[in-house]
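Quick look at work-v7.csv (CSV, C-alpha atoms):
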chain,number,residue,atom,x,y,z
A,278,GLN,CA,73.7,-152.3,48.9
A,279,VAL,CA,75.0,-148.8,49.3
A,280,GLN,CA,75.8,-147.7,52.9
A,281,LEU,CA,76.4,-144.1,53.9
A,282,VAL,CA,78.0,-143.1,57.2
A,283,GLU,CA,78.2,-139.5,58.2
A,284,SER,CA,80.7,-138.0,60.6
A,285,GLY,CA,81.9,-134.6,61.7
A,286,GLY,CA,78.9,-133.3,63.5
A,287,GLY,CA,79.0,-131.8,66.9
A,288,LEU,CA,78.8,-128.5,68.6
A,289,GLY,CA,79.6,-125.3,66.8
A,290,GLN,CA,79.4,-121.7,67.6
A,291,ALA,CA,77.5,-119.1,65.7
A,292,GLY,CA,79.8,-117.6,63.1
A,293,GLY,CA,82.0,-120.6,63.1
A,294,SER,CA,82.5,-123.6,60.8
A,295,LEU,CA,82.0,-127.3,60.7
A,296,ARG,CA,82.7,-129.9,58.0
A,297,LEU,CA,80.7,-133.0,57.7
A,298,SER,CA,81.9,-136.1,55.8
A,299,CYS,CA,80.0,-139.0,54.4
A,300,ALA,CA,81.7,-142.2,53.5
A,301,ALA,CA,79.9,-144.4,50.9
A,302,SER,CA,80.4,-148.1,50.5
A,303,GLY,CA,78.9,-150.8,48.5
A,304,CYS,CA,79.5,-149.3,45.1
A,305,ALA,CA,81.6,-146.7,43.4
A,306,MET,CA,80.4,-143.3,44.5
A,307,SER,CA,81.1,-142.0,41.0
A,308,THR,CA,77.9,-143.8,39.9
A,309,LEU,CA,75.8,-141.9,42.4
A,310,THR,CA,74.5,-138.4,42.8
A,311,MET,CA,75.1,-137.3,46.4
A,312,GLY,CA,73.3,-134.9,48.6
A,313,TRP,CA,72.7,-133.6,52.1
A,314,PHE,CA,69.4,-132.9,53.9
A,315,ARG,CA,68.8,-131.8,57.4
A,316,GLN,CA,65.9,-132.1,59.9
A,317,ALA,CA,65.4,-129.8,62.9
A,318,PRO,CA,63.1,-130.8,65.7
A,319,ARG,CA,59.4,-130.7,64.7
A,320,LYS,CA,60.3,-129.7,61.2
A,321,GLU,CA,60.3,-131.5,57.9
A,322,ARG,CA,63.5,-132.8,56.4
A,323,GLU,CA,65.0,-130.0,54.3
A,324,PHE,CA,67.2,-130.1,51.2
A,325,VAL,CA,70.7,-128.6,51.9
A,326,ALA,CA,72.9,-129.5,48.9
A,327,GLY,CA,73.3,-131.9,46.0
A,328,SER,CA,76.1,-132.9,43.7
A,329,SER,CA,76.0,-134.6,40.4
A,330,ARG,CA,78.1,-137.7,39.8
A,331,VAL,CA,81.3,-135.9,39.0
A,332,GLY,CA,80.5,-132.7,40.8
A,333,SER,CA,79.8,-130.6,37.7
A,334,ASP,CA,76.3,-129.7,38.8
A,335,ILE,CA,75.8,-128.4,42.3
A,336,TYR,CA,72.6,-127.2,44.0
A,337,TYR,CA,71.9,-125.6,47.3
A,338,GLY,CA,68.9,-125.0,49.4
A,339,ASP,CA,67.8,-121.4,49.8
A,340,SER,CA,68.3,-121.3,53.6
A,341,VAL,CA,72.0,-122.3,53.3
A,342,MET,CA,72.9,-120.6,50.0
A,343,GLY,CA,76.3,-118.9,50.2
A,344,ARG,CA,77.2,-120.5,53.6
A,345,VAL,CA,77.7,-124.2,52.7
A,346,THR,CA,79.8,-126.0,50.1
A,347,ILE,CA,79.3,-129.5,48.9
A,348,SER,CA,82.3,-131.4,47.5
A,349,ARG,CA,83.1,-134.9,46.7
A,350,ASP,CA,86.2,-137.1,46.3
A,351,ASN,CA,85.2,-140.1,44.2
A,352,ALA,CA,88.5,-141.7,44.7
A,353,LYS,CA,87.9,-141.8,48.4
A,354,ASN,CA,84.2,-142.5,48.1
A,355,THR,CA,83.5,-139.5,50.3
A,356,VAL,CA,81.3,-136.4,50.1
A,357,TYR,CA,81.7,-133.4,52.2
A,358,LEU,CA,79.6,-130.5,53.5
A,359,GLN,CA,81.6,-127.5,54.5
A,360,MET,CA,79.4,-125.2,56.7
A,361,ASP,CA,80.5,-121.7,57.4
A,362,SER,CA,79.0,-118.7,59.1
A,363,LEU,CA,77.0,-121.0,61.3
A,364,LYS,CA,73.7,-119.9,62.7
A,365,PRO,CA,71.7,-121.4,65.6
A,366,GLU,CA,69.0,-122.2,63.1
A,367,ASP,CA,71.4,-124.6,61.4
A,368,THR,CA,70.9,-126.9,64.4
A,369,ALA,CA,69.6,-130.2,63.0
A,370,VAL,CA,70.4,-133.7,62.2
A,371,TYR,CA,72.2,-133.8,58.9
A,372,TYR,CA,71.6,-136.7,56.6
A,373,CYS,CA,73.8,-137.9,53.7
A,374,THR,CA,71.9,-139.2,50.8
A,375,ALA,CA,72.6,-140.8,47.4
A,376,ASP,CA,70.8,-142.0,44.3
A,377,ALA,CA,71.8,-143.7,41.1
A,378,ARG,CA,69.6,-141.6,38.9
A,379,PRO,CA,71.1,-138.5,37.3
A,380,PHE,CA,70.0,-135.0,37.9
A,381,GLY,CA,67.3,-133.8,35.5
A,382,THR,CA,65.2,-136.9,36.0
A,383,ARG,CA,63.8,-136.0,39.4
A,384,VAL,CA,63.1,-133.2,41.8
A,385,ILE,CA,66.2,-133.4,43.9
A,386,THR,CA,64.9,-131.1,46.7
A,387,THR,CA,62.4,-133.7,47.8
A,388,THR,CA,63.3,-136.7,50.0
A,389,ALA,CA,61.4,-139.0,47.7
A,390,SER,CA,64.0,-138.4,45.0
A,391,TRP,CA,66.8,-140.0,47.0
A,392,PHE,CA,67.0,-143.7,47.6
A,393,TYR,CA,69.9,-144.3,50.0
A,394,TRP,CA,70.2,-142.5,53.4
A,395,GLY,CA,72.7,-142.4,56.2
A,396,GLN,CA,71.8,-142.5,59.9
A,397,GLY,CA,72.5,-138.8,60.3
A,398,THR,CA,74.8,-136.7,62.4
A,399,GLN,CA,73.7,-134.1,64.9
A,400,VAL,CA,74.9,-130.5,64.5
A,401,THR,CA,74.2,-128.1,67.3
A,402,VAL,CA,75.1,-124.4,66.9
A,403,SER,CA,75.2,-122.2,70.0
A,404,SER,CA,74.6,-118.5,69.9
As structure tokens, the full file:
Amino acid sequence: QVQLVESGGGLGQAGGSLRLSCAASGCAMSTLTMGWFRQAPRKEREFVAGSSRVGSDIYYGDSVMGRVTISRDNAKNTVYLQMDSLKPEDTAVYYCTADARPFGTRVITTTASWFYWGQGTQVTVSS
């Protein structure tokens, strides 16, 4: 059973940066594609970023393109989300997600394409 635990959320200022981490346990993270979604109040869960098993294929959601970077350290079983140029509209609960299926076999921007989910970490950006 894969478990995902996010950390690094909190309060940030507009224009600032935050880095989220997600520690995976239960299997080698190198066998998993990893991703991040976020959900703001009264909104649907939104795709933020995705990484293939070795990080060779990276995808970003339109609303964060150019401001976030997903990276992974398979040796540490940890995936990161570096968030720069924060905006108040980045305020949301951020979820780490994983799936054993490779990219190309599913639509990764949909929540249904991801099997494992963390509990989420709150990010609040003040103006």
- Task: Using only C-alpha atoms, determine which residues lie at most 10 Å from Val279 of chain A, disregarding the query and same-chain residues fewer than 6 positions distant; provide the list as a ChimeraX atom specification.
- Result: /A:301-306,309,375-376,392-395
Mind writing the picked residues with C-alpha atoms as a PDB file, in the frame of the given file?
ATOM      1  CA  ALA A 301      79.900-144.400  50.900  1.00  0.00           C
ATOM      2  CA  SER A 302      80.400-148.100  50.500  1.00  0.00           C
ATOM      3  CA  GLY A 303      78.900-150.800  48.500  1.00  0.00           C
ATOM      4  CA  CYS A 304      79.500-149.300  45.100  1.00  0.00           C
ATOM      5  CA  ALA A 305      81.600-146.700  43.400  1.00  0.00           C
ATOM      6  CA  MET A 306      80.400-143.300  44.500  1.00  0.00           C
ATOM      7  CA  LEU A 309      75.800-141.900  42.400  1.00  0.00           C
ATOM      8  CA  ALA A 375      72.600-140.800  47.400  1.00  0.00           C
ATOM      9  CA  ASP A 376      70.800-142.000  44.300  1.00  0.00           C
ATOM     10  CA  PHE A 392      67.000-143.700  47.600  1.00  0.00           C
ATOM     11  CA  TYR A 393      69.900-144.300  50.000  1.00  0.00           C
ATOM     12  CA  TRP A 394      70.200-142.500  53.400  1.00  0.00           C
ATOM     13  CA  GLY A 395      72.700-142.400  56.200  1.00  0.00           C
TER      14      GLY A 395
END
- Could you tell me which of A:Ala291, A:Ala352, A:Met342, A:Cys299 comes closest to Glu366 of chain A if we count all atoms listed in the file? A:Ala291
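Closest approach to Thr346 of chain A from the set A:Ser333, A:Thr310, A:Glu321, A:Arg296 is made by A:Arg296, with distances taken over all atoms listed in the file.
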- Task: List every protein, DNA or RNA residue that has at least one atom no more than 10 Å from (71.4, -136.6, 48.4) in the file's coordinates, counting only C-alpha atoms, and write the result as a ChimeraX atom specification.
- Result: /A:309-314,324-329,372-376,385-388,390-395
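Comparing the minimum interatomic distances between Gly338 of chain A and each of A:Pro379, A:Arg315, A:Gln280, A:Val356, counting all atoms listed in the file, we find that A:Arg315 sits nearest.
A straight line drawn from atom CA of Gly286 of chain A to atom CA of Ala377 of chain A is 25.7 Å long.
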- Task: Give the answer as one residue: which of A:Arg383, A:Lys353, A:Gly293, A:Ala389 has the shortest atom-to-atom distance to Glu323 of chain A, using all atoms listed in the file?
- Result: A:Ala389
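You will find atom CA of Gln396 of chain A at 16.3 Å from atom CA of Thr368 of chain A.
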- Query: For Val331 of chain A, which residue among A:Gln316, A:Ser307, A:Thr398, A:Thr355 is the nearest when counting only C-alpha atoms?
  - Reply: A:Ser307
- Message: What's the separation between atom CA of Gln359 of chain A and atom CA of Gly343 of chain A, in Å to one decimal place?
- Response: 11.0 Å
- Among A:Asp334, A:Asp339, A:Asp350, A:Asp367, Leu295 of chain A is approached most closely, using only C-alpha atoms, by A:Asp367
- Message: Please list as a ChimeraX atom specification every residue within 10 Å of Ser404 of chain A, counting all atoms listed in the file and excluding residues in the same chain fewer than 6 positions away.
- Response: /A:289-292,363-366
